[in-house]
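J.: Structure file work-v3.tsv, TSV, C-alpha atoms, is pasted below:
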chain	number	residue	atom	x	y	z
A	1	MET	CA	0.00	0.00	0.00
A	2	GLY	CA	1.47	3.31	-1.11
A	3	ILE	CA	0.35	5.79	1.53
A	4	ASN	CA	2.68	8.73	2.04
A	5	TYR	CA	2.42	9.18	5.80
A	6	THR	CA	4.32	12.46	5.74
A	7	LYS	CA	1.69	13.98	3.45
A	8	LEU	CA	-1.03	12.42	5.56
A	9	ILE	CA	0.22	14.02	8.79
A	10	LEU	CA	0.39	17.35	6.92
A	11	GLY	CA	-3.35	17.08	6.29
A	12	ARG	CA	-3.33	16.34	2.58
A	13	ASP	CA	-5.71	14.03	0.78
A	14	VAL	CA	-4.31	10.60	-0.03
A	15	GLU	CA	-3.33	9.64	-3.56
A	16	TYR	CA	-4.79	6.28	-4.54
A	17	GLU	CA	-3.03	4.19	-7.15
A	18	ASP	CA	-2.45	7.24	-9.39
A	19	LYS	CA	-6.20	7.21	-10.10
A	20	PHE	CA	-7.65	9.86	-7.80
A	21	LYS	CA	-7.39	11.15	-4.25
A	22	ILE	CA	-9.13	9.84	-1.15
A	23	HIS	CA	-10.63	12.70	0.83
A	24	VAL	CA	-9.28	13.11	4.36
A	25	PRO	CA	-11.96	15.12	6.21
A	26	LYS	CA	-11.04	17.79	8.72
A	27	ILE	CA	-12.40	18.01	12.25
A	28	LYS	CA	-14.73	20.86	11.25
A	29	GLU	CA	-16.35	18.67	8.60
A	30	ILE	CA	-16.65	15.71	10.96
A	31	ILE	CA	-18.26	17.82	13.70
A	32	GLU	CA	-20.70	19.51	11.30
A	33	ASN	CA	-21.86	16.22	9.79
A	34	GLY	CA	-21.58	14.26	13.04
A	35	GLU	CA	-18.79	11.94	14.17
A	36	SER	CA	-21.16	8.98	13.87
A	37	GLU	CA	-21.68	9.84	10.19
A	38	PHE	CA	-17.91	9.87	9.66
A	39	MET	CA	-17.57	6.44	11.25
A	40	MET	CA	-20.60	5.12	9.34
A	41	LYS	CA	-18.99	6.08	6.04
A	42	ALA	CA	-15.90	4.13	7.10
A	43	ARG	CA	-17.73	1.05	8.34
A	44	PRO	CA	-18.18	-0.76	4.99
A	45	PHE	CA	-14.38	-0.75	4.72
A	46	THR	CA	-13.43	-1.48	8.33
A	47	ASP	CA	-15.94	-4.14	9.39
A	48	SER	CA	-15.24	-7.70	8.37
A	49	VAL	CA	-17.98	-10.24	7.69
A	50	ARG	CA	-16.86	-12.12	10.80
A	51	LYS	CA	-17.15	-9.00	12.94
A	52	ILE	CA	-20.64	-8.20	11.63
A	53	PHE	CA	-21.94	-11.69	12.43
A	54	SER	CA	-20.03	-12.32	15.66
A	55	GLY	CA	-23.21	-11.46	17.55
A	56	MET	CA	-24.91	-14.30	15.65
A	57	PRO	CA	-22.48	-17.12	16.44
A	58	GLU	CA	-24.78	-19.84	15.07
A	59	ILE	CA	-24.13	-18.61	11.53
A	60	VAL	CA	-20.88	-16.60	11.71
A	61	ASP	CA	-18.60	-19.37	10.40
A	62	GLU	CA	-20.90	-20.24	7.52
A	63	MET	CA	-21.36	-16.58	6.56
A	64	GLU	CA	-17.63	-15.94	6.54
A	65	LYS	CA	-17.06	-19.05	4.44
A	66	GLN	CA	-19.79	-18.15	1.95
A	67	PHE	CA	-18.96	-14.41	1.84
A	68	PRO	CA	-15.24	-13.86	2.54
A	69	SER	CA	-15.65	-10.18	1.59
A	70	LEU	CA	-18.35	-7.74	2.66
A	71	LEU	CA	-18.58	-6.69	-1.00
A	72	LEU	CA	-19.95	-10.12	-1.90
A	73	LEU	CA	-22.85	-9.69	0.54
A	74	ALA	CA	-24.09	-6.83	-1.64
A	75	PHE	CA	-24.69	-9.22	-4.53
A	76	ASP	CA	-26.83	-11.64	-2.53
A	77	GLU	CA	-30.46	-10.51	-2.53
A	78	GLU	CA	-31.26	-11.54	1.03
A	79	ALA	CA	-27.98	-10.33	2.52
A	80	ASN	CA	-28.14	-7.09	0.56
A	81	ASN	CA	-31.39	-6.23	2.31
A	82	GLU	CA	-30.68	-7.56	5.78
A	83	VAL	CA	-27.03	-6.50	6.23
A	84	GLY	CA	-27.69	-3.00	4.92
A	85	GLU	CA	-30.33	-2.54	7.61
A	86	LEU	CA	-28.13	-4.23	10.22
A	87	LEU	CA	-25.23	-1.84	9.63
A	88	THR	CA	-27.19	1.39	9.22
A	89	GLY	CA	-30.25	0.87	11.38
A	90	ASN	CA	-32.37	1.90	8.39
A	91	LYS	CA	-33.98	0.12	5.45
A	92	VAL	CA	-30.98	0.69	3.19
A	93	LEU	CA	-29.57	-1.80	0.74
A	94	LEU	CA	-25.99	-2.78	1.53
A	95	SER	CA	-25.06	-2.08	-2.11
A	96	ASP	CA	-26.40	1.49	-1.82
A	97	TYR	CA	-24.62	1.96	1.51
A	98	ILE	CA	-21.30	0.83	0.01
A	99	ILE	CA	-21.69	3.07	-3.03
A	100	GLU	CA	-22.63	6.11	-0.92
A	101	SER	CA	-19.58	5.47	1.25
A	102	LEU	CA	-17.30	5.12	-1.77
A	103	ALA	CA	-18.65	8.42	-3.12
A	104	TYR	CA	-17.99	10.11	0.23
A	105	TRP	CA	-14.33	9.13	0.34
A	106	VAL	CA	-13.53	9.97	-3.29
A	107	GLU	CA	-15.80	13.06	-3.39
A	108	CYS	CA	-18.04	12.20	-6.28
A	109	ASP	CA	-21.70	11.45	-6.89
A	110	PRO	CA	-23.07	7.99	-6.02
A	111	GLU	CA	-24.56	8.02	-9.52
A	112	ASP	CA	-20.99	7.69	-10.80
A	113	PHE	CA	-20.97	4.06	-9.64
A	114	GLN	CA	-22.81	1.09	-11.12
A	115	LEU	CA	-23.31	-2.44	-9.85
A	116	LEU	CA	-22.41	-5.36	-12.13
A	117	PRO	CA	-24.23	-8.30	-10.46
A	118	ALA	CA	-23.10	-10.87	-13.01
A	119	SER	CA	-19.41	-10.25	-12.33
A	120	LYS	CA	-19.90	-9.08	-8.71
A	121	LYS	CA	-18.13	-5.80	-9.28
A	122	ILE	CA	-18.76	-2.09	-8.82
A	123	VAL	CA	-17.51	0.16	-11.60
A	124	SER	CA	-17.07	3.88	-12.18
A	125	GLU	CA	-16.47	4.98	-15.74
A	126	LYS	CA	-15.80	8.52	-14.52
A	127	LEU	CA	-12.93	7.34	-12.30
A	128	ASP	CA	-11.91	4.50	-14.62
A	129	TRP	CA	-12.20	2.25	-11.58
A	130	ILE	CA	-13.26	-1.39	-11.37
A	131	ILE	CA	-13.87	-2.68	-7.85
A	132	ASP	CA	-13.73	-6.43	-7.34
A	133	VAL	CA	-13.01	-8.26	-4.08
A	134	GLU	CA	-9.26	-7.66	-4.28
A	135	GLU	CA	-9.66	-3.98	-5.15
A	136	TYR	CA	-12.24	-3.55	-2.39
A	137	LYS	CA	-9.79	-4.93	0.16
A	138	LYS	CA	-7.05	-2.63	-1.10
A	139	PHE	CA	-9.26	0.45	-0.82
A	140	SER	CA	-10.45	-0.69	2.61
A	141	ASP	CA	-6.86	-0.81	3.85
A	142	TYR	CA	-6.48	2.87	2.95
A	143	ILE	CA	-9.62	3.81	4.88
A	144	LYS	CA	-8.40	1.86	7.91
A	145	VAL	CA	-5.22	3.94	7.92
A	146	ILE	CA	-6.99	7.28	7.45
A	147	THR	CA	-9.46	6.53	10.25
A	148	LEU	CA	-6.83	4.83	12.46
A	149	TYR	CA	-9.07	1.79	12.71
A	150	GLN	CA	-7.98	-1.08	14.93
A	151	GLU	CA	-10.19	-4.14	15.15
A	152	ASN	CA	-11.26	-5.13	18.65
A	153	SER	CA	-10.41	-8.83	18.77
A	154	ASP	CA	-12.50	-9.20	21.94
A	155	LEU	CA	-15.62	-8.80	19.80
A	156	ILE	CA	-14.63	-11.32	17.13
A	157	ALA	CA	-16.13	-14.78	17.53
A	158	PRO	CA	-13.57	-17.62	17.73
A	159	LYS	CA	-13.43	-20.04	14.83
A	160	ASN	CA	-15.93	-22.91	14.92
A	161	VAL	CA	-17.76	-21.17	17.75
A	162	ALA	CA	-20.93	-23.16	17.04
A	163	SER	CA	-19.18	-26.55	17.07
A	164	ASN	CA	-20.84	-27.40	20.40
A	165	ASP	CA	-23.62	-25.93	22.53
A	166	ARG	CA	-21.41	-25.14	25.53
A	167	LYS	CA	-18.94	-23.16	23.44
A	168	LEU	CA	-21.81	-21.33	21.79
A	169	ASP	CA	-23.48	-20.38	25.09
A	170	ILE	CA	-20.20	-19.18	26.62
A	171	TRP	CA	-19.48	-16.93	23.64
A	172	LYS	CA	-22.96	-15.41	23.69
A	173	LYS	CA	-22.53	-14.37	27.31
A	174	VAL	CA	-18.96	-13.15	26.81
A	175	TYR	CA	-19.90	-11.19	23.70
A	176	ALA	CA	-22.85	-9.46	25.38
A	177	GLY	CA	-20.66	-8.35	28.29
A	178	ARG	CA	-17.81	-7.13	26.11
A	179	LEU	CA	-20.18	-5.27	23.79
A	180	GLN	CA	-21.79	-3.50	26.74
A	181	LYS	CA	-18.36	-2.56	28.11
A	182	GLN	CA	-17.29	-1.11	24.75
A	183	GLN	CA	-20.47	0.94	24.53
A	184	ASN	CA	-19.85	2.30	28.02
A	185	ASP	CA	-16.19	3.07	27.27
A	186	ASN	CA	-17.18	4.95	24.10
A	187	GLY	CA	-19.62	7.16	25.94
A	188	GLY	CA	-17.46	10.30	25.86
A	189	GLU	CA	-18.13	13.03	23.31
A	190	PHE	CA	-15.65	14.08	20.66
A	191	GLY	CA	-15.55	17.46	22.36
A	192	ASP	CA	-13.97	15.79	25.40
A	193	LYS	CA	-11.00	14.73	23.26
A	194	ILE	CA	-10.71	18.26	21.88
A	195	LEU	CA	-10.61	19.70	25.40
A	196	ILE	CA	-7.91	17.21	26.42
A	197	LEU	CA	-5.77	18.27	23.47
A	198	GLN	CA	-6.24	21.96	24.26
A	199	ILE	CA	-5.16	21.46	27.87
A	200	ALA	CA	-2.36	18.97	27.18
A	201	THR	CA	-0.46	21.30	24.86
A	202	GLY	CA	0.34	23.66	27.72
A	203	SER	CA	-1.07	26.58	25.79
A	204	PHE	CA	-4.64	26.97	24.58
A	205	VAL	CA	-5.12	25.69	21.03
A	206	THR	CA	-7.75	27.76	19.27
A	207	ALA	CA	-10.87	26.28	17.77
A	208	ASP	CA	-9.78	27.41	14.30
A	209	VAL	CA	-6.58	25.40	14.57
A	210	ILE	CA	-8.35	22.25	15.76
A	211	GLU	CA	-11.16	22.52	13.20
A	212	ASN	CA	-8.62	22.55	10.39
A	213	LEU	CA	-6.82	19.44	11.58
A	214	THR	CA	-7.71	16.15	9.93
A	215	TYR	CA	-8.84	13.27	12.13
A	216	TYR	CA	-5.47	11.59	11.50
A	217	GLN	CA	-3.58	14.72	12.56
A	218	PHE	CA	-5.76	15.21	15.62
A	219	VAL	CA	-5.34	11.68	17.00
A	220	ASN	CA	-1.60	11.64	16.30
A	221	MET	CA	-1.14	14.98	18.03
A	222	LEU	CA	-3.17	13.92	21.04
A	223	ASN	CA	-1.22	10.67	21.24
A	224	GLY	CA	2.07	12.61	21.11
A	225	TYR	CA	1.08	14.91	23.94
A	226	MET	CA	-0.04	11.95	26.04
A	227	GLU	CA	3.37	10.31	25.51
A	228	ARG	CA	5.12	13.49	26.61
A	229	GLU	CA	2.92	13.82	29.68
A	230	ALA	CA	3.64	10.21	30.67
A	231	HIS	CA	7.35	10.91	30.23
A	232	MET	CA	7.19	13.98	32.48
A	233	GLU	CA	5.50	11.94	35.19
A	234	GLU	CA	8.18	9.28	34.83
A	235	LEU	CA	10.88	11.98	35.00
A	236	ALA	CA	9.42	13.38	38.23
A	237	PHE	CA	9.52	9.89	39.72
A	238	TYR	CA	13.08	9.34	38.44
A	239	THR	CA	14.44	12.55	39.97
A	240	SER	CA	12.65	12.15	43.30
A	241	SER	CA	14.81	11.40	46.33
A	242	LYS	CA	12.00	9.34	47.83
A	243	PHE	CA	12.49	6.39	45.50
A	244	ASP	CA	15.36	4.12	44.55
A	245	THR	CA	15.75	4.58	40.81
A	246	LYS	CA	19.26	3.24	40.27
A	247	ASP	CA	17.96	0.39	38.10
A	248	MET	CA	15.46	2.57	36.30
A	249	LYS	CA	16.14	3.48	32.68
A	250	LEU	CA	14.70	6.73	31.37
A	251	THR	CA	14.19	7.23	27.65
A	252	SER	CA	13.24	10.44	25.86
A	253	TRP	CA	9.60	10.99	24.95
A	254	GLN	CA	10.71	11.94	21.43
A	255	SER	CA	11.90	8.39	20.82
A	256	LYS	CA	8.42	7.05	21.64
A	257	VAL	CA	6.41	9.41	19.46
A	258	LYS	CA	5.84	7.91	16.00
A	259	LEU	CA	3.15	8.34	13.38
A	260	ILE	CA	0.32	5.93	14.08
A	261	LYS	CA	0.14	3.42	11.25
A	262	ASN	CA	-2.03	0.46	10.45
A	263	ASN	CA	-0.43	-2.61	12.05
A	264	LYS	CA	-0.17	-4.39	8.70
A	265	ASN	CA	1.57	-1.53	6.86
Write the structure described by the file as structure tokens, please.

T.:
Amino acid sequence: MGINYTKLILGRDVEYEDKFKIHVPKIKEIIENGESEFMMKARPFTDSVRKIFSGMPEIVDEMEKQFPSLLLLAFDEEANNEVGELLTGNKVLLSDYIIESLAYWVECDPEDFQLLPASKKIVSEKLDWIIDVEEYKKFSDYIKVITLYQENSDLIAPKNVASNDRKLDIWKKVYAGRLQKQQNDNGGEFGDKILILQIATGSFVTADVIENLTYYQFVNMLNGYMEREAHMEELAFYTSSKFDTKDMKLTSWQSKVKLIKNNKN
């Protein structure tokens, strides 16, 4: 994958395969449209079939086997209806949801895309772009980087989860508890993160500055300040006469701050 991370941290849109650019929205745009909308437009490219059906362990293995890519679900009549509604909470076809999300990231009209059911592809003559399973995965990897997506393995059903009733019942209980915990942990507003960044910098960062950061810039900056703060706390401990620190090794915070990248890239 050919992402230029230096350009990405500078807030530029991402060049995709010399075809077009993937739009990297700024905080202002995300706030105006709603953070949930931003994440919803990413979901067709971040959620795996196994993740989507992990809450239905009786069928998750079969669904993953039959539809190894979420794109393929869009070409099955039943799945196209049911999964679209499952992911959006509305009566939306999965195929329409995918196309609207593609249009969002490449800044074009959904009408620029057409479904080819016979070959199970999405095409755009305007962009000279043919999207099959392999191409869909490639594009999805870009979106995962831009949105800093990391899959929560705690919410992914183990293989062959329905192989026996006991294993199935245990997973159902574990999944329900973990899902509830994640929902509770994600209860904070995006504004809370903005306030943390403003305070952590040591000097007030104006709203104009934050609004013009991309999501990738914002999270990287916040992560960097958190690393520095942790280092300062460690330094205070290291220099205190109250503790024995002769075996303690102190490293610079600069050596720990790196651009956040997708684990596979």

J.: Write out as a list in words which residues come within 9 Å of range 69-83 of chain A when counting all atoms listed in the file, dropping same-chain ones fewer than 3 positions away.

T.: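 Final neighbour list, sorted by chain and number: Pro44, Phe45, Asp47, Ser48, Val49, Ile52, Glu64, Gln66, Leu86, Leu87, Thr88, Lys91, Val92, Leu93, Leu94, Ser95, Asp96, Ile98, Leu115, Leu116, Pro117, Ala118, Lys120, Lys121, Asp132, Val133, Tyr136 and Lys137 of chain A.
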
J.: Using only C-alpha atoms, can you tell me which of A:Asn184, A:Thr6, A:Thr46, A:Ser124 comes closest to Lys19 in chain A?

T.: A:Ser124

J.: Between A:Arg178, A:Arg43, A:Lys172, A:His23, single out the one closest to Ala103 in chain A, counting all atoms listed in the file.

T.: A:His23

J.: Rounded to one decimal place, report the CA of Leu213 in chain A-CA of Lys26 in chain A distance in Å.

T.: 5.4 Å

J.: Using only C-alpha atoms and a cutoff of 12 Å, can you tell me which residues are near (-10.3, -15.0, 17.0) in the file's coordinates, and write them out as a ChimeraX atom specification?

T.: /A:50-51,54,60-61,151-161,171

J.: Find the residues around Lys21 in chain A up to 12 Å (all atoms listed in the file counted), leave out those fewer than 4 positions away in its own chain, and share them as a compact mmCIF listing (two decimals) with C-alpha atoms, in the coordinates of the input.

T.:
# COMPACT_ATOMS: atom_id res chain seq x y z
CA ILE A 3 0.35 5.79 1.53
CA LEU A 8 -1.03 12.42 5.56
CA ARG A 12 -3.33 16.34 2.58
CA ASP A 13 -5.71 14.03 0.78
CA VAL A 14 -4.31 10.60 -0.03
CA GLU A 15 -3.33 9.64 -3.56
CA TYR A 16 -4.79 6.28 -4.54
CA GLU A 17 -3.03 4.19 -7.15
CA LEU A 102 -17.30 5.12 -1.77
CA ALA A 103 -18.65 8.42 -3.12
CA TYR A 104 -17.99 10.11 0.23
CA TRP A 105 -14.33 9.13 0.34
CA VAL A 106 -13.53 9.97 -3.29
CA GLU A 107 -15.80 13.06 -3.39
CA CYS A 108 -18.04 12.20 -6.28
CA LEU A 127 -12.93 7.34 -12.30
CA PHE A 139 -9.26 0.45 -0.82
CA TYR A 142 -6.48 2.87 2.95
CA ILE A 143 -9.62 3.81 4.88

J.: CA of Ser101 in chain A and CA of Lys41 in chain A are how many Å apart?

T.: 4.9 Å

J.: Separation of CA of Asn220 in chain A and CA of Leu148 in chain A, in Å?

T.: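 Rounded to one decimal, the two atoms are 9.4 Å apart.
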
J.: Taking all atoms listed in the file into account, name the residue in A:Ile27, A:Leu10, A:Ile22, A:Met221 that is nearest to Ala207 in chain A.

T.: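 Going through A:Ile27, A:Leu10, A:Ile22, A:Met221 one by one, the smallest distance to Ala207 in chain A is for A:Ile27.
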
J.: Return the single residue from A:Thr147, A:Ser140, A:Asn33, A:Gln114 that is closest to Phe218 in chain A, with distances computed using only C-alpha atoms.

T.: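 Using only C-alpha atoms, Phe218 in chain A sits closest to A:Thr147.
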